[in-house]
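Visitor: Input my_file29.cif, format and content: mmCIF, C-alpha atoms.
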data_run
#
loop_
_atom_site.group_PDB
_atom_site.id
_atom_site.type_symbol
_atom_site.label_atom_id
_atom_site.label_comp_id
_atom_site.auth_asym_id
_atom_site.auth_seq_id
_atom_site.Cartn_x
_atom_site.Cartn_y
_atom_site.Cartn_z
ATOM 1 C CA HIS N 1 118.072 162.521 91.182
ATOM 2 C CA LEU N 2 121.583 162.408 92.610
ATOM 3 C CA ALA N 3 122.562 159.559 90.293
ATOM 4 C CA ALA N 4 121.078 161.339 87.271
ATOM 5 C CA GLU N 5 123.111 164.433 88.067
ATOM 6 C CA LYS N 6 126.269 162.417 88.598
ATOM 7 C CA TYR N 7 125.965 160.568 85.290
ATOM 8 C CA LEU N 8 124.875 163.364 82.961
ATOM 9 C CA TYR N 9 126.432 163.167 79.516
ATOM 10 C CA HIS N 10 129.613 165.228 79.361
ATOM 11 C CA ASP N 11 128.195 167.797 76.919
ATOM 12 C CA ALA N 12 124.613 168.021 78.234
ATOM 13 C CA ILE N 13 124.995 171.171 80.322
ATOM 14 C CA SER N 14 127.103 173.096 77.803
ATOM 15 C CA MET N 15 124.589 172.241 75.061
ATOM 16 C CA LEU N 16 121.638 173.444 77.157
ATOM 17 C CA GLU N 17 123.493 176.615 78.123
ATOM 18 C CA LYS N 18 124.160 177.304 74.446
ATOM 19 C CA LEU N 19 120.466 176.832 73.645
ATOM 20 C CA ARG N 20 119.531 179.225 76.448
ATOM 21 C CA SER N 21 121.997 181.771 75.109
ATOM 22 C CA GLU N 22 120.933 181.497 71.465
ATOM 23 C CA TYR N 23 117.188 181.252 72.178
ATOM 24 C CA PRO N 24 116.582 183.231 75.384
ATOM 25 C CA ASN N 25 112.812 183.294 74.832
ATOM 26 C CA ALA N 26 112.514 179.544 74.284
ATOM 27 C CA THR N 27 110.621 177.376 76.740
ATOM 28 C CA ILE N 28 112.447 174.133 77.508
ATOM 29 C CA GLY N 29 110.473 171.250 78.946
ATOM 30 C CA ALA N 30 111.132 167.605 79.712
ATOM 31 C CA ILE N 31 108.620 164.912 78.737
ATOM 32 C CA THR N 32 109.488 161.548 80.236
ATOM 33 C CA ASN N 33 107.878 158.232 81.055
ATOM 34 C CA GLY N 34 110.112 157.973 84.100
ATOM 35 C CA LYS N 35 110.461 159.808 87.390
ATOM 36 C CA GLY N 36 113.580 161.817 86.552
ATOM 37 C CA ASN N 37 112.795 165.515 86.856
ATOM 38 C CA PRO N 38 115.410 168.095 85.813
ATOM 39 C CA LEU N 39 113.738 170.674 88.061
ATOM 40 C CA MET N 40 114.816 168.548 91.031
ATOM 41 C CA MET N 41 118.452 168.476 89.891
ATOM 42 C CA LYS N 42 119.494 171.557 91.831
ATOM 43 C CA ASP N 43 123.221 171.312 91.089
ATOM 44 C CA THR N 44 122.952 170.871 87.325
ATOM 45 C CA LEU N 45 119.763 171.149 85.271
ATOM 46 C CA CYS N 46 117.105 172.955 87.287
ATOM 47 C CA ASP N 47 117.889 176.426 85.928
ATOM 48 C CA LEU N 48 117.961 175.160 82.335
ATOM 49 C CA PHE N 49 114.412 173.743 82.215
ATOM 50 C CA ASP N 50 111.043 175.466 82.581
ATOM 51 C CA PHE N 51 108.770 172.492 83.248
ATOM 52 C CA CYS N 52 108.619 168.704 83.365
ATOM 53 C CA VAL N 53 105.853 166.229 82.527
ATOM 54 C CA SER N 54 106.142 162.615 83.663
ATOM 55 C CA GLY N 55 104.152 159.601 82.564
ATOM 56 C CA GLU N 56 103.685 158.983 86.285
ATOM 57 C CA ASP N 57 101.947 162.343 86.893
ATOM 58 C CA ASP N 58 98.340 162.088 88.064
ATOM 59 C CA ASP N 59 97.061 164.062 85.073
ATOM 60 C CA VAL N 60 98.982 161.836 82.623
ATOM 61 C CA PHE N 61 98.963 158.220 83.819
ATOM 62 C CA PRO N 62 98.208 155.818 82.168
ATOM 63 C CA HIS N 63 98.687 157.861 78.963
ATOM 64 C CA ARG N 64 102.461 157.606 78.777
ATOM 65 C CA LYS N 65 104.541 157.958 75.622
ATOM 66 C CA PRO N 66 103.791 157.199 72.831
ATOM 67 C CA HIS N 67 100.162 158.070 73.733
ATOM 68 C CA GLU N 68 99.228 161.599 72.699
ATOM 69 C CA GLY N 69 97.833 162.226 76.187
ATOM 70 C CA ILE N 70 101.245 162.986 77.695
ATOM 71 C CA TYR N 71 101.975 165.459 74.896
ATOM 72 C CA ASN N 72 98.611 167.174 75.362
ATOM 73 C CA VAL N 73 99.408 167.646 79.058
ATOM 74 C CA ALA N 74 102.819 169.076 78.114
ATOM 75 C CA LEU N 75 101.204 171.547 75.720
ATOM 76 C CA GLN N 76 98.750 172.605 78.422
ATOM 77 C CA ARG N 77 101.586 173.141 80.903
ATOM 78 C CA TYR N 78 103.336 175.259 78.300
ATOM 79 C CA LYS N 79 100.194 177.360 77.834
ATOM 80 C CA ASP N 80 99.761 177.676 81.594
ATOM 81 C CA LEU N 81 103.380 178.713 81.995
ATOM 82 C CA LEU N 82 102.990 181.500 79.454
ATOM 83 C CA HIS N 83 99.437 182.372 80.541
ATOM 84 C CA LEU N 84 98.001 181.403 77.168
ATOM 85 C CA GLU N 85 94.714 180.064 78.521
ATOM 86 C CA GLY N 86 91.962 180.207 75.959
ATOM 87 C CA ASP N 87 94.331 180.429 73.002
ATOM 88 C CA ASP N 88 93.292 177.280 71.170
ATOM 89 C CA ASN N 89 94.713 178.572 67.906
ATOM 90 C CA ILE N 90 98.309 177.758 68.800
ATOM 91 C CA CYS N 91 99.814 176.038 65.794
ATOM 92 C CA LEU N 92 102.973 174.246 66.780
ATOM 93 C CA THR N 93 104.756 174.084 63.445
ATOM 94 C CA LYS N 94 107.543 176.084 61.859
ATOM 95 C CA ASP N 95 104.927 177.718 59.598
ATOM 96 C CA ASP N 96 103.626 179.638 62.611
ATOM 97 C CA ASP N 97 105.734 182.742 63.245
ATOM 98 C CA ARG N 98 104.680 182.871 66.888
ATOM 99 C CA ILE N 99 105.492 179.390 68.119
ATOM 100 C CA CYS N 100 107.564 176.448 66.975
ATOM 101 C CA TRP N 101 107.595 173.190 68.925
ATOM 102 C CA ILE N 102 110.741 171.138 68.448
ATOM 103 C CA HIS N 103 110.787 167.819 70.260
ATOM 104 C CA ILE N 104 114.151 166.180 70.893
ATOM 105 C CA GLY N 105 114.255 162.514 71.819
ATOM 106 C CA ASP N 106 116.188 159.280 71.502
ATOM 107 C CA ASP N 107 113.267 156.932 70.899
ATOM 108 C CA LEU N 108 111.824 156.777 67.395
ATOM 109 C CA ALA N 109 108.372 155.532 68.389
ATOM 110 C CA ASN N 110 107.926 157.270 71.747
ATOM 111 C CA ASP N 111 109.559 160.589 70.893
ATOM 112 C CA VAL N 112 109.825 161.162 67.155
ATOM 113 C CA GLY N 113 106.651 159.564 65.819
ATOM 114 C CA ALA N 114 104.419 160.423 68.757
ATOM 115 C CA SER N 115 105.421 164.091 69.057
ATOM 116 C CA ALA N 116 105.272 164.665 65.290
ATOM 117 C CA LYS N 117 101.692 163.392 65.234
ATOM 118 C CA CYS N 118 100.894 166.079 67.814
ATOM 119 C CA GLY N 119 102.449 168.853 65.712
ATOM 120 C CA ALA N 120 106.141 168.893 66.629
ATOM 121 C CA LEU N 121 109.217 168.967 64.476
ATOM 122 C CA ALA N 122 111.142 165.974 65.790
ATOM 123 C CA ILE N 123 114.895 165.659 66.193
ATOM 124 C CA TRP N 124 116.116 162.105 66.676
ATOM 125 C CA VAL N 125 119.018 161.864 69.120
ATOM 126 C CA ASP N 126 120.803 158.714 67.970
ATOM 127 C CA LEU N 127 123.858 159.064 70.188
ATOM 128 C CA SER N 128 127.183 157.573 69.226
ATOM 129 C CA SER N 129 127.605 154.245 70.995
ATOM 130 C CA LYS N 130 131.335 154.792 71.554
ATOM 131 C CA GLU N 131 131.178 158.298 72.985
ATOM 132 C CA TYR N 132 128.005 157.884 75.044
ATOM 133 C CA ASP N 133 127.918 154.130 75.724
ATOM 134 C CA GLN N 134 124.427 153.939 74.208
ATOM 135 C CA THR N 135 122.592 150.747 73.243
ATOM 136 C CA ALA N 136 119.463 152.099 71.525
ATOM 137 C CA SER N 137 120.885 151.902 68.016
ATOM 138 C CA ALA N 138 122.249 148.439 68.665
ATOM 139 C CA ARG N 139 118.739 147.259 69.440
ATOM 140 C CA PHE N 140 116.929 149.019 66.604
ATOM 141 C CA LYS N 141 119.431 149.951 63.932
ATOM 142 C CA GLU N 142 118.472 152.654 61.463
ATOM 143 C CA ASN N 143 119.360 150.509 58.478
ATOM 144 C CA THR N 144 116.803 147.902 59.545
ATOM 145 C CA LEU N 145 114.127 150.601 59.637
ATOM 146 C CA ASN N 146 114.511 151.300 55.938
ATOM 147 C CA LYS N 147 113.894 147.700 54.931
ATOM 148 C CA ASN N 148 110.551 146.029 54.365
ATOM 149 C CA ASP N 149 111.630 143.136 56.552
ATOM 150 C CA VAL N 150 111.707 144.253 60.168
ATOM 151 C CA ASN N 151 111.854 140.687 61.471
ATOM 152 C CA ASN N 152 115.607 140.670 61.912
ATOM 153 C CA ASN N 153 117.350 139.290 64.961
ATOM 154 C CA GLU N 154 119.365 142.198 66.362
ATOM 155 C CA LYS N 155 120.885 141.124 69.656
ATOM 156 C CA GLN N 156 119.297 142.715 72.716
ATOM 157 C CA PRO N 157 121.336 143.950 75.700
ATOM 158 C CA PHE N 158 121.758 141.417 78.505
ATOM 159 C CA TRP N 159 119.555 143.507 80.807
ATOM 160 C CA SER N 160 116.591 143.729 78.420
ATOM 161 C CA THR N 161 113.373 142.109 79.647
ATOM 162 C CA ALA N 162 111.507 142.672 76.363
ATOM 163 C CA SER N 163 109.971 139.583 74.816
ATOM 164 C CA SER N 164 110.619 138.828 71.148
ATOM 165 C CA ASP N 165 107.031 139.904 70.372
ATOM 166 C CA GLU N 166 107.614 143.238 72.126
ATOM 167 C CA VAL N 167 110.856 143.740 70.209
ATOM 168 C CA GLU N 168 109.140 143.077 66.876
ATOM 169 C CA LYS N 169 106.268 145.416 67.761
ATOM 170 C CA ARG N 170 108.761 148.154 68.656
ATOM 171 C CA LYS N 171 110.653 147.677 65.389
ATOM 172 C CA LYS N 172 107.433 148.140 63.431
ATOM 173 C CA LEU N 173 106.551 151.285 65.404
ATOM 174 C CA ASN N 174 110.068 152.614 64.832
ATOM 175 C CA LYS N 175 109.836 151.978 61.109
ATOM 176 C CA LYS N 176 106.587 153.968 60.946
ATOM 177 C CA ALA N 177 108.107 156.787 63.004
ATOM 178 C CA PHE N 178 111.246 157.073 60.886
ATOM 179 C CA LYS N 179 109.479 159.205 58.257
ATOM 180 C CA PHE N 180 108.832 161.884 60.903
ATOM 181 C CA VAL N 181 112.519 162.547 61.611
ATOM 182 C CA SER N 182 113.111 166.237 60.828
ATOM 183 C CA ALA N 183 116.787 166.041 61.799
ATOM 184 C CA LYS N 184 119.155 163.532 63.362
ATOM 185 C CA ILE N 185 122.118 164.126 65.659
ATOM 186 C CA GLU N 186 124.737 161.773 67.078
ATOM 187 C CA LYS N 187 126.214 164.220 69.605
ATOM 188 C CA LEU N 188 124.383 166.493 72.027
ATOM 189 C CA SER N 189 126.715 169.328 71.070
ATOM 190 C CA SER N 190 125.219 169.155 67.548
ATOM 191 C CA LEU N 191 121.728 170.056 68.753
ATOM 192 C CA PRO N 192 121.966 173.875 68.457
ATOM 193 C CA ASP N 193 123.036 173.556 64.809
ATOM 194 C CA ALA N 194 120.232 171.071 64.100
ATOM 195 C CA ILE N 195 117.649 173.434 65.585
ATOM 196 C CA ARG N 196 119.076 176.352 63.623
ATOM 197 C CA GLY N 197 118.752 174.288 60.453
ATOM 198 C CA LEU N 198 115.068 173.636 61.125
ATOM 199 C CA LEU N 199 114.317 177.280 61.865
ATOM 200 C CA ASP N 200 116.179 178.758 58.878
#
Any chance you could give the structure as structure tokens?

Guide:
Amino acid sequence: HLAAEKYLYHDAISMLEKLRSEYPNATIGAITNGKGNPLMMKDTLCDLFDFCVSGEDDDVFPHRKPHEGIYNVALQRYKDLLHLEGDDNICLTKDDDRICWIHIGDDLANDVGASAKCGALAIWVDLSSKEYDQTASARFKENTLNKNDVNNNEKQPFWSTASSDEVEKRKKLNKKAFKFVSAKIEKLSSLPDAIRGLLD
């Protein structure tokens, strides 16, 4: 977790602090397929998150993103955190005045499509490649997702181990997920405004 803390995006903490200030009653959780846990990042993120669910957790594996199993575990942890046991009528949409689940993620298939199918409003974090040194958009460009032909040959990063079949499968999943994008941001500092727009 030391490396994760060292290499946080420059506006990550200020954005989370703004969310905490504007929405003091919000519950903020992390849902990840990896081992990174913000609650273990004592010098940066631990006070800004309420819970974390990993695809490696015993009650999740092997149901990692995009499987709905990891999202169901996250919803149960949320209920447990707020002592909502037995309340099976929680409706996680903006039409419910009590609760609104907004999922923020950078992966169209794993985050946007998968969470939306479980009831979330999904914000796609398509970070600027120049400011954040991101490669996700270079691999699966948005403009290719709007075309019928997803069999294009976007160049993969040198470190990618994905086979061409895996890349094509991911492009098809991304294309299906694109319709679930409730909002899109290219900077983390834009997230509070995007959330406000969904809640208004």

Visitor: Which residue out of N:Ser189, N:Thr32, N:Ser163, N:Thr27 has the minimum interatomic distance to His10 in chain N when only C-alpha atoms are used?

Guide: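 The closest residue to His10 in chain N is N:Ser189.
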
Visitor: What is the distance, in Å and to one decimal place, between CA of Cys100 in chain N and CA of Gln134 in chain N?

Guide: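 Here the two named atoms are 29.0 Å from each other.
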
Visitor: Using all atoms listed in the file for the distances, tell me which of N:Trp159, N:Tyr71, N:Cys46, N:Leu2 is nearest to Leu16 in chain N.

Guide: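 For Leu16 in chain N, the nearest of the given residues is N:Cys46.
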
Visitor: One number please: CA of His103 in chain N to CA of Asp200 in chain N, in Å, one decimal.

Guide: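 According to the coordinates, CA of His103 in chain N and CA of Asp200 in chain N are separated by 16.7 Å.
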
Visitor: Taking into account all atoms listed in the file, which residue in the set N:His67, N:Lys130, N:Lys187, N:Lys176 is nearest to Ala12 in chain N?

Guide: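 Going through N:His67, N:Lys130, N:Lys187, N:Lys176 one by one, the smallest distance to Ala12 in chain N is for N:Lys187.
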
Visitor: Using only C-alpha atoms, which residue out of N:Phe49, N:Ser54, N:Glu166, N:Trp101 lies closest to Leu19 in chain N?

Guide: N:Phe49

Visitor: So how many Å separate CA of Ala177 in chain N and CA of Ala26 in chain N, to one decimal?

Guide: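 CA of Ala26 in chain N lies 25.8 Å from CA of Ala177 in chain N.
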
Visitor: Name the residues captured by the PyMOL selection byres ((chain N and resi 123) around 8) when it is applied to the shown file; answer as number ranges by chain.

Guide: N: 102-105, 112, 121-122, 124-125, 181-185, 194

Visitor: Using all atoms listed in the file, can you list as a CSV table (one decimal) with C-alpha atoms, keeping the file's coordinate frame the residues within 8 Å of (109.2, 162.5, 78.7)?

Guide:
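Saved as result-v1.csv:
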chain,number,residue,atom,x,y,z
N,30,ALA,CA,111.1,167.6,79.7
N,31,ILE,CA,108.6,164.9,78.7
N,32,THR,CA,109.5,161.5,80.2
N,33,ASN,CA,107.9,158.2,81.1
N,34,GLY,CA,110.1,158.0,84.1
N,52,CYS,CA,108.6,168.7,83.4
N,53,VAL,CA,105.9,166.2,82.5
N,54,SER,CA,106.1,162.6,83.7
N,55,GLY,CA,104.2,159.6,82.6
N,65,LYS,CA,104.5,158.0,75.6

Visitor: Set the distance at 10 Å and use all atoms listed in the file: which residues neighbour Lys42 in chain N once local chain neighbours fewer than 3 positions away are removed? I'd like the list as an MDAnalysis selection string.

Guide: chainID N and resid 1:2 5 38:39 45:47

Visitor: From the list N:Ala162, N:Val60, N:Met41, N:Ile70, which residue is nearest Asp111 in chain N when using all atoms listed in the file?

Guide: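 Nearest candidate to Asp111 in chain N out of N:Ala162, N:Val60, N:Met41, N:Ile70: N:Ile70.
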
Visitor: Mind checking which residues fall within 6 Å of range 113-115 of chain N, counting only C-alpha atoms, ignoring those fewer than 5 positions away in the same chain, and posting them as a PyMOL selection string?

Guide: chain N and resi 66+120+177+180

Visitor: Restricting it to C-alpha atoms, dump the selection as a compact mmCIF listing (two decimals), in the coordinates of the input.

Guide:
# COMPACT_ATOMS: atom_id res chain seq x y z
CA PRO N 66 103.79 157.20 72.83
CA ALA N 120 106.14 168.89 66.63
CA ALA N 177 108.11 156.79 63.00
CA PHE N 180 108.83 161.88 60.90

Visitor: Please provide as a PyMOL selection string all residues within 10 Å of Arg77 in chain N, with the sequence filter that same-chain residues fewer than 3 positions apart are discarded (counting all atoms listed in the file).

Guide: chain N and resi 29+50-53+71-74+80-84
